[in-house]
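To be precise, the following lines are final_39.cif, and they hold mmCIF, C-alpha atoms.
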data_entry
#
loop_
_atom_site.label_atom_id
_atom_site.label_comp_id
_atom_site.auth_asym_id
_atom_site.auth_seq_id
_atom_site.Cartn_x
_atom_site.Cartn_y
_atom_site.Cartn_z
CA MET A 1 4.57 17.43 -16.32
CA GLU A 2 2.97 15.77 -13.29
CA ILE A 3 0.00 13.43 -12.85
CA HIS A 4 -2.20 16.01 -11.11
CA ASP A 5 -1.59 18.55 -13.91
CA VAL A 6 -3.64 16.54 -16.43
CA LYS A 7 -7.13 17.94 -16.92
CA ALA A 8 -10.21 16.39 -18.47
CA GLU A 9 -10.22 17.60 -22.07
CA ASN A 10 -13.43 15.92 -23.07
CA PRO A 11 -15.46 14.60 -20.13
CA SER A 12 -18.31 13.50 -22.40
CA THR A 13 -16.19 11.05 -24.41
CA ASN A 14 -18.14 7.83 -24.81
CA GLY A 15 -16.61 4.85 -23.12
CA ALA A 16 -14.14 6.90 -21.07
CA PRO A 17 -13.29 5.30 -17.74
CA THR A 18 -14.59 7.26 -14.77
CA GLY A 19 -12.11 5.80 -12.32
CA SER A 20 -14.86 5.12 -9.78
CA PRO A 21 -13.69 2.65 -7.11
CA PRO A 22 -15.90 -0.16 -5.75
CA SER A 23 -18.95 0.88 -3.72
CA ASP A 24 -17.28 -0.21 -0.48
CA ASN A 25 -14.27 1.98 -1.21
CA PRO A 26 -15.62 5.55 -1.65
CA ALA A 27 -13.85 7.83 -4.10
CA VAL A 28 -11.52 10.31 -2.43
CA ASP A 29 -10.89 13.78 -3.81
CA TYR A 30 -7.10 13.65 -3.61
CA SER A 31 -6.78 17.28 -4.69
CA LYS A 32 -8.27 18.22 -1.31
CA ASN A 33 -6.36 15.62 0.70
CA LEU A 34 -2.62 16.09 0.42
CA THR A 35 -1.28 14.09 3.36
CA SER A 36 0.98 11.09 3.75
CA PHE A 37 -2.07 8.93 4.50
CA SER A 38 -4.13 10.06 1.50
CA SER A 39 -1.14 9.83 -0.85
CA ALA A 40 -0.53 6.25 0.24
CA ARG A 41 -4.22 5.57 -0.25
CA TYR A 42 -3.87 6.90 -3.79
CA VAL A 43 -1.11 4.37 -4.47
CA LEU A 44 -3.30 1.61 -3.03
CA GLU A 45 -6.25 2.65 -5.19
CA VAL A 46 -4.17 2.72 -8.37
CA CYS A 47 -2.78 -0.73 -7.54
CA GLN A 48 -6.26 -2.05 -6.82
CA LYS A 49 -7.54 -0.87 -10.19
CA LEU A 50 -4.50 -2.28 -11.97
CA ASP A 51 -5.03 -5.58 -10.13
CA THR A 52 -1.37 -5.71 -9.19
CA ASN A 53 0.22 -8.56 -7.30
CA VAL A 54 -0.08 -7.98 -3.54
CA LEU A 55 3.72 -8.00 -3.32
CA THR A 56 3.92 -5.31 -6.00
CA THR A 57 1.55 -3.12 -3.99
CA ALA A 58 3.49 -3.61 -0.76
CA THR A 59 6.84 -3.02 -2.44
CA ALA A 60 5.59 0.14 -4.15
CA LEU A 61 4.40 1.57 -0.86
CA CYS A 62 7.66 0.73 0.89
CA TYR A 63 9.43 2.62 -1.88
CA PHE A 64 6.98 5.50 -1.48
CA HIS A 65 7.42 5.84 2.29
CA THR A 66 11.19 5.46 2.02
CA PHE A 67 11.39 8.14 -0.68
CA TYR A 68 9.42 10.64 1.43
CA LYS A 69 11.61 10.10 4.47
CA THR A 70 13.97 12.63 2.87
CA ALA A 71 11.74 14.30 0.25
CA SER A 72 8.67 16.51 0.65
CA PHE A 73 5.41 16.91 -1.26
CA ARG A 74 6.50 20.43 -2.10
CA GLN A 75 9.60 19.11 -3.83
CA PHE A 76 8.05 16.10 -5.56
CA ASP A 77 4.46 15.52 -6.62
CA PRO A 78 3.27 12.48 -4.58
CA PHE A 79 0.98 11.24 -7.34
CA THR A 80 3.76 11.13 -9.93
CA ALA A 81 6.07 9.61 -7.31
CA GLY A 82 3.41 7.05 -6.40
CA CYS A 83 2.99 5.92 -10.00
CA THR A 84 6.76 5.74 -10.38
CA CYS A 85 6.94 3.50 -7.30
CA ILE A 86 4.31 1.19 -8.81
CA TYR A 87 6.16 1.08 -12.11
CA LEU A 88 9.49 0.21 -10.47
CA ALA A 89 7.93 -2.31 -8.07
CA SER A 90 6.14 -4.09 -10.93
CA LYS A 91 9.51 -4.66 -12.62
CA VAL A 92 11.21 -5.83 -9.43
CA ILE A 93 8.38 -8.28 -8.61
CA ASP A 94 8.07 -9.24 -12.30
CA ASP A 95 4.42 -8.18 -12.39
CA ASP A 96 3.21 -7.59 -15.94
CA ILE A 97 1.89 -4.03 -15.61
CA ARG A 98 2.21 -1.67 -18.58
CA ILE A 99 3.40 1.87 -17.97
CA ARG A 100 0.54 3.14 -20.17
CA ASP A 101 -1.99 1.52 -17.82
CA ILE A 102 -0.25 2.94 -14.74
CA ILE A 103 -0.38 6.44 -16.21
CA ASN A 104 -4.00 6.25 -17.38
CA VAL A 105 -5.25 4.78 -14.11
CA GLY A 106 -3.12 7.21 -12.10
CA VAL A 107 -4.66 10.16 -13.96
CA SER A 108 -8.20 8.79 -13.66
CA CYS A 109 -7.87 8.53 -9.87
CA ILE A 110 -7.05 12.25 -9.70
CA ASN A 111 -9.33 13.52 -12.48
CA ARG A 112 -12.16 11.05 -12.21
CA ASP A 113 -14.03 12.31 -15.29
CA ALA A 114 -11.00 12.43 -17.57
CA PRO A 115 -10.93 10.30 -20.73
CA PRO A 116 -7.82 8.30 -21.69
CA LEU A 117 -4.87 10.55 -22.43
CA MET A 118 -4.07 11.80 -25.90
CA LEU A 119 -0.64 10.90 -27.25
CA GLU A 120 1.19 14.14 -26.43
CA PRO A 121 0.33 14.36 -22.71
CA TYR A 122 0.79 10.60 -22.39
CA PHE A 123 4.34 10.65 -23.74
CA THR A 124 5.14 13.70 -21.61
CA LEU A 125 4.03 11.84 -18.49
CA ARG A 126 5.84 8.70 -19.63
CA ASP A 127 9.07 10.70 -19.87
CA SER A 128 8.42 12.13 -16.40
CA LEU A 129 7.99 8.66 -14.90
CA THR A 130 11.09 7.20 -16.53
CA GLN A 131 13.17 10.14 -15.33
CA ALA A 132 11.66 9.91 -11.85
CA GLU A 133 12.45 6.19 -11.77
CA LEU A 134 16.20 6.86 -11.73
CA LEU A 135 15.77 9.46 -8.98
CA LEU A 136 13.73 6.96 -6.98
CA MET A 137 16.32 4.21 -7.35
CA ARG A 138 19.05 6.59 -6.17
CA SER A 139 16.91 7.59 -3.19
CA LEU A 140 16.51 3.90 -2.32
CA GLY A 141 20.25 3.37 -2.58
CA PHE A 142 19.48 0.86 -5.36
CA LYS A 143 18.23 -1.55 -2.67
CA LEU A 144 15.13 -2.73 -4.46
CA LYS A 145 14.45 -6.11 -2.86
CA ILE A 146 12.38 -5.82 0.30
CA ASP A 147 11.72 -8.42 2.98
CA LEU A 148 7.93 -8.22 3.21
CA PRO A 149 5.74 -9.51 6.08
CA HIS A 150 3.37 -11.51 3.87
CA LYS A 151 5.39 -14.73 3.96
CA TYR A 152 5.67 -14.45 7.73
CA ILE A 153 1.90 -14.28 8.12
CA LEU A 154 1.58 -17.53 6.18
CA HIS A 155 4.35 -19.12 8.24
CA TYR A 156 2.89 -17.96 11.56
CA MET A 157 -0.52 -19.25 10.52
CA GLN A 158 1.01 -22.72 10.43
CA SER A 159 2.08 -22.29 14.05
CA LEU A 160 -1.38 -21.10 15.01
CA GLU A 161 -2.89 -24.18 13.36
CA ASP A 162 -0.69 -26.35 15.58
CA TRP A 163 -1.78 -24.46 18.69
CA LEU A 164 -5.47 -23.92 17.95
CA GLY A 165 -6.25 -26.71 15.52
CA LYS A 166 -6.93 -26.35 11.82
CA ALA A 167 -10.71 -26.74 12.25
CA SER A 168 -10.87 -23.92 14.80
CA LEU A 169 -8.95 -21.52 12.57
CA GLU A 170 -11.00 -22.38 9.50
CA SER A 171 -14.19 -21.48 11.38
CA ILE A 172 -13.14 -17.82 11.65
CA PRO A 173 -11.49 -15.65 8.97
CA VAL A 174 -8.30 -14.91 10.92
CA LYS A 175 -5.96 -15.12 7.94
CA GLU A 176 -8.20 -12.99 5.72
CA THR A 177 -8.64 -10.38 8.46
CA ALA A 178 -4.91 -10.26 9.19
CA TRP A 179 -4.24 -9.90 5.47
CA SER A 180 -6.63 -6.93 5.26
CA ILE A 181 -5.11 -5.30 8.33
CA LEU A 182 -1.65 -5.72 6.82
CA GLN A 183 -2.73 -4.02 3.60
CA ASP A 184 -4.26 -1.14 5.57
CA SER A 185 -1.01 -0.72 7.51
CA TYR A 186 0.71 0.32 4.28
CA HIS A 187 -1.04 3.68 4.57
CA ASP A 188 1.68 4.58 7.05
CA ALA A 189 5.48 4.62 7.16
CA LEU A 190 5.35 2.14 10.06
CA VAL A 191 5.77 -0.60 7.42
CA ILE A 192 9.38 0.51 6.92
CA GLN A 193 9.99 1.32 10.59
CA TYR A 194 9.41 -2.15 12.05
CA PRO A 195 10.72 -5.60 11.11
CA PRO A 196 8.41 -7.65 8.86
CA GLU A 197 8.14 -10.30 11.58
CA VAL A 198 6.65 -7.72 13.95
CA LEU A 199 4.17 -6.51 11.34
CA ALA A 200 3.03 -10.06 10.62
CA ALA A 201 2.66 -10.97 14.29
CA THR A 202 0.81 -7.73 15.05
CA CYS A 203 -1.72 -8.22 12.25
CA LEU A 204 -2.44 -11.77 13.43
CA HIS A 205 -2.65 -10.59 17.06
CA VAL A 206 -5.18 -7.86 16.16
CA ALA A 207 -7.21 -10.30 14.04
CA LEU A 208 -7.36 -12.84 16.87
CA GLU A 209 -8.33 -10.12 19.36
CA LEU A 210 -11.16 -8.98 17.08
CA TYR A 211 -12.65 -12.47 17.16
CA GLY A 212 -11.94 -13.04 20.84
CA VAL A 213 -9.61 -15.97 20.19
CA VAL A 214 -7.22 -16.90 23.00
CA VAL A 215 -4.08 -18.73 21.94
CA PRO A 216 -3.02 -21.45 24.40
CA SER A 217 0.69 -21.04 24.97
CA ASP A 218 3.31 -21.69 27.62
CA VAL A 219 4.62 -18.14 27.15
CA ASP A 220 2.85 -14.81 27.44
CA PRO A 221 2.30 -13.24 25.00
CA TRP A 222 2.05 -16.13 22.55
CA TYR A 223 3.65 -14.20 19.68
CA SER A 224 6.91 -13.65 21.59
CA VAL A 225 8.05 -17.13 20.50
CA LEU A 226 7.78 -16.19 16.83
CA HIS A 227 10.74 -13.81 16.74
CA ASP A 228 12.99 -11.98 19.18
CA SER A 229 11.65 -8.60 18.00
CA CYS A 230 8.03 -9.56 18.78
CA THR A 231 7.92 -8.19 22.31
CA LYS A 232 4.68 -7.26 24.04
CA GLN A 233 5.55 -3.55 24.03
CA THR A 234 6.53 -3.46 20.37
CA VAL A 235 3.49 -5.37 19.13
CA SER A 236 1.20 -3.22 21.29
CA ASP A 237 2.75 -0.03 19.89
CA VAL A 238 2.35 -1.20 16.29
CA ALA A 239 -1.21 -2.39 16.91
CA LEU A 240 -2.16 1.04 18.28
CA LYS A 241 -0.64 2.80 15.27
CA ILE A 242 -2.52 0.55 12.86
CA LEU A 243 -5.83 1.05 14.66
CA ASN A 244 -5.33 4.82 14.62
CA LEU A 245 -5.12 4.70 10.83
CA TYR A 246 -8.83 3.91 10.65
CA ASN A 247 -9.56 7.28 12.25
CA GLU A 248 -7.64 9.00 9.46
CA GLU A 249 -9.80 7.26 6.87
CA LYS A 250 -12.86 8.97 8.35
CA SER A 251 -11.34 12.44 7.82
CA LEU A 252 -10.80 12.07 4.06
CA ILE A 253 -12.73 14.43 1.76
CA LEU A 254 -14.70 12.42 -0.78
CA HIS A 255 -15.18 13.08 -4.47
CA THR A 256 -18.67 14.43 -5.27
#

What does this structure look like when you write it as C-alpha cells?
Amino acid sequence: MEIHDVKAENPSTNGAPTGSPPSDNPAVDYSKNLTSFSSARYVLEVCQKLDTNVLTTATALCYFHTFYKTASFRQFDPFTAGCTCIYLASKVIDDDIRIRDIINVGVSCINRDAPPLMLEPYFTLRDSLTQAELLLMRSLGFKLKIDLPHKYILHYMQSLEDWLGKASLESIPVKETAWSILQDSYHDALVIQYPPEVLAATCLHVALELYGVVVPSDVDPWYSVLHDSCTKQTVSDVALKILNLYNEEKSLILHT
C-alpha cells in the first residue's frame, strides 16, 4: 500500500485535520503534479507540518534525490519514498518524530480532506515504510551521514561580519534570506551535485546581490577565498539553477 492510495473515508469527521498549509504557502494538488520538483516540495511540506529540525529536512531531501538518481516514479511511489526519507533522516539526526505522525501528515498532504487513518490502513502503511526504509538504506550504500551546507553558511557569515561589519549585516536580513534560498534549493538534485561549501557561498552571494551589498575584498569574487571549489563559474551556475526553481513553483497546479 502506498501513501497516495489512501482515500478519505469520512471527510465530514469532526476535528479531522485538513492538511491546509499556511496562507503564504498555497496548497498544491500533488496528484496533478508528479515531477521531481513537486515531489520534493511534498517532502518539504510534510517536514514543515511536522516541524522537523532543519537538518532533518535537508537530510531527508538529500536521501530523496539520491534515491531517485537510479529509481523512477514508475517503480517507486515518490510520496511513500518521501515519507520514508523523513523517517530515516529523523532517526539519523535524532529528531523526535513519530512514524504515526509522518504517515498521517503525509496522507493529509495528498488527500487534504482525509481524516486520521483507521488502524488497518495505518499499520499497512507503517509496514510499507519500514520495508522501504531498508531499500532506501541499501540505495544510499548505508552512507547516512551527510555534510550539509548549513554550518558553512554560519561560518561564512562570520567572515562577512569581519569584512562588512556586524552593524551593517544586522541592518539587512542576509542570513535569513540565504537560509530561505538554501531551503528552496532542496527542491532540486543540485543539493547532492555540488559541494556544501559551494551551496552555502552561492546562497549568501544571491542574498547579498538581492540587497545590493558589495563585499570589499582583495580578491574577485569575494567568495573564492572561502573554498577552492567556490569559483566564479561554479557559483554562477548554481545561482542560475536556484533562481530557475522559482519559475517551476509558478507552474504547480493548486488544490481547489

Exercise. Selected by the PyMOL selection byres ((chain A and resi 57) around 8) in the shown coordinates: which residues, as JSON, numbers by chain?
Worked result: {"A": [43, 44, 47, 52, 53, 54, 55, 56, 58, 59, 60, 61, 86, 89]}

For this session: For Lys143 in chain A, list every protein, DNA or RNA residue within 12 Å, evaluated using all atoms listed in the file, and leave out those in the same chain fewer than 6 positions away; present the list as a PyMOL selection string.
Result: chain A and resi 59+62-63+66+88-89+92+136-137

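Minimum distance to Gly82 in chain A across A:Leu117, A:Ala207, A:Leu243, A:Val46 (counting only C-alpha atoms) occurs at A:Val46.
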
Problem set entry | Atom pair CA of Leu140 in chain A / CA of Gly106 in chain A: separation (Å) |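 Calculated distance between CA of Leu140 in chain A and CA of Gly106 in chain A is 22.2 Å.
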
For this session: May I have the residues within 10 Å of Leu254 in chain A as an MDAnalysis selection string, using only C-alpha atoms and disregarding those fewer than 2 positions away in the same chain?
Result: chainID A and resid 26:30 32:33 250:252 256

Exercise. So how many Å separate CA of Ile153 in chain A and CA of Lys69 in chain A, to one decimal?
Worked result: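 Between CA of Ile153 in chain A and CA of Lys69 in chain A the gap works out to 26.5 Å.
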
Problem set entry | Distance of CA of Ser72 in chain A from CA of Ile110 in chain A, expressed in Å to one decimal place |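 Between CA of Ile110 in chain A and CA of Ser72 in chain A the gap is 19.3 Å.
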
Residue IDs satisfying the PyMOL selection byres ((chain A and resi 122) around 12), as a PDB file with C-alpha atoms, keeping the file's coordinate frame:
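Result written to part_7.pdb:
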ATOM      1  CA  MET A   1       4.570  17.430 -16.320  1.00  0.00           C
ATOM      2  CA  GLU A   2       2.970  15.770 -13.290  1.00  0.00           C
ATOM      3  CA  ILE A   3       0.000  13.430 -12.850  1.00  0.00           C
ATOM      4  CA  ASP A   5      -1.590  18.550 -13.910  1.00  0.00           C
ATOM      5  CA  VAL A   6      -3.640  16.540 -16.430  1.00  0.00           C
ATOM      6  CA  ILE A  99       3.400   1.870 -17.970  1.00  0.00           C
ATOM      7  CA  ARG A 100       0.540   3.140 -20.170  1.00  0.00           C
ATOM      8  CA  ASP A 101      -1.990   1.520 -17.820  1.00  0.00           C
ATOM      9  CA  ILE A 102      -0.250   2.940 -14.740  1.00  0.00           C
ATOM     10  CA  ILE A 103      -0.380   6.440 -16.210  1.00  0.00           C
ATOM     11  CA  ASN A 104      -4.000   6.250 -17.380  1.00  0.00           C
ATOM     12  CA  VAL A 105      -5.250   4.780 -14.110  1.00  0.00           C
ATOM     13  CA  GLY A 106      -3.120   7.210 -12.100  1.00  0.00           C
ATOM     14  CA  VAL A 107      -4.660  10.160 -13.960  1.00  0.00           C
ATOM     15  CA  PRO A 115     -10.930  10.300 -20.730  1.00  0.00           C
ATOM     16  CA  PRO A 116      -7.820   8.300 -21.690  1.00  0.00           C
ATOM     17  CA  LEU A 117      -4.870  10.550 -22.430  1.00  0.00           C
ATOM     18  CA  MET A 118      -4.070  11.800 -25.900  1.00  0.00           C
ATOM     19  CA  LEU A 119      -0.640  10.900 -27.250  1.00  0.00           C
ATOM     20  CA  GLU A 120       1.190  14.140 -26.430  1.00  0.00           C
ATOM     21  CA  PRO A 121       0.330  14.360 -22.710  1.00  0.00           C
ATOM     22  CA  PHE A 123       4.340  10.650 -23.740  1.00  0.00           C
ATOM     23  CA  THR A 124       5.140  13.700 -21.610  1.00  0.00           C
ATOM     24  CA  LEU A 125       4.030  11.840 -18.490  1.00  0.00           C
ATOM     25  CA  ARG A 126       5.840   8.700 -19.630  1.00  0.00           C
ATOM     26  CA  ASP A 127       9.070  10.700 -19.870  1.00  0.00           C
ATOM     27  CA  SER A 128       8.420  12.130 -16.400  1.00  0.00           C
ATOM     28  CA  LEU A 129       7.990   8.660 -14.900  1.00  0.00           C
TER      29      LEU A 129
END

Please evaluate the PyMOL selection byres ((chain A and resi 215) around 12) against the displayed coordinates and give the resulting residues as a compact mmCIF listing (two decimals) with C-alpha atoms, in the frame of the given file.
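Everything below was put into part_13.txt:
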# COMPACT_ATOMS: atom_id res chain seq x y z
CA MET A 157 -0.52 -19.25 10.52
CA SER A 159 2.08 -22.29 14.05
CA LEU A 160 -1.38 -21.10 15.01
CA GLU A 161 -2.89 -24.18 13.36
CA ASP A 162 -0.69 -26.35 15.58
CA TRP A 163 -1.78 -24.46 18.69
CA LEU A 164 -5.47 -23.92 17.95
CA GLY A 165 -6.25 -26.71 15.52
CA SER A 168 -10.87 -23.92 14.80
CA LEU A 169 -8.95 -21.52 12.57
CA LEU A 204 -2.44 -11.77 13.43
CA HIS A 205 -2.65 -10.59 17.06
CA ALA A 207 -7.21 -10.30 14.04
CA LEU A 208 -7.36 -12.84 16.87
CA GLU A 209 -8.33 -10.12 19.36
CA TYR A 211 -12.65 -12.47 17.16
CA GLY A 212 -11.94 -13.04 20.84
CA VAL A 213 -9.61 -15.97 20.19
CA VAL A 214 -7.22 -16.90 23.00
CA PRO A 216 -3.02 -21.45 24.40
CA SER A 217 0.69 -21.04 24.97
CA ASP A 218 3.31 -21.69 27.62
CA VAL A 219 4.62 -18.14 27.15
CA ASP A 220 2.85 -14.81 27.44
CA PRO A 221 2.30 -13.24 25.00
CA TRP A 222 2.05 -16.13 22.55
CA TYR A 223 3.65 -14.20 19.68

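Minimum atom-to-atom distance to Lys241 in chain A, evaluated using only C-alpha atoms, belongs to A:Ser185 out of A:Leu210, A:Ile192, A:Ser224, A:Ser185.
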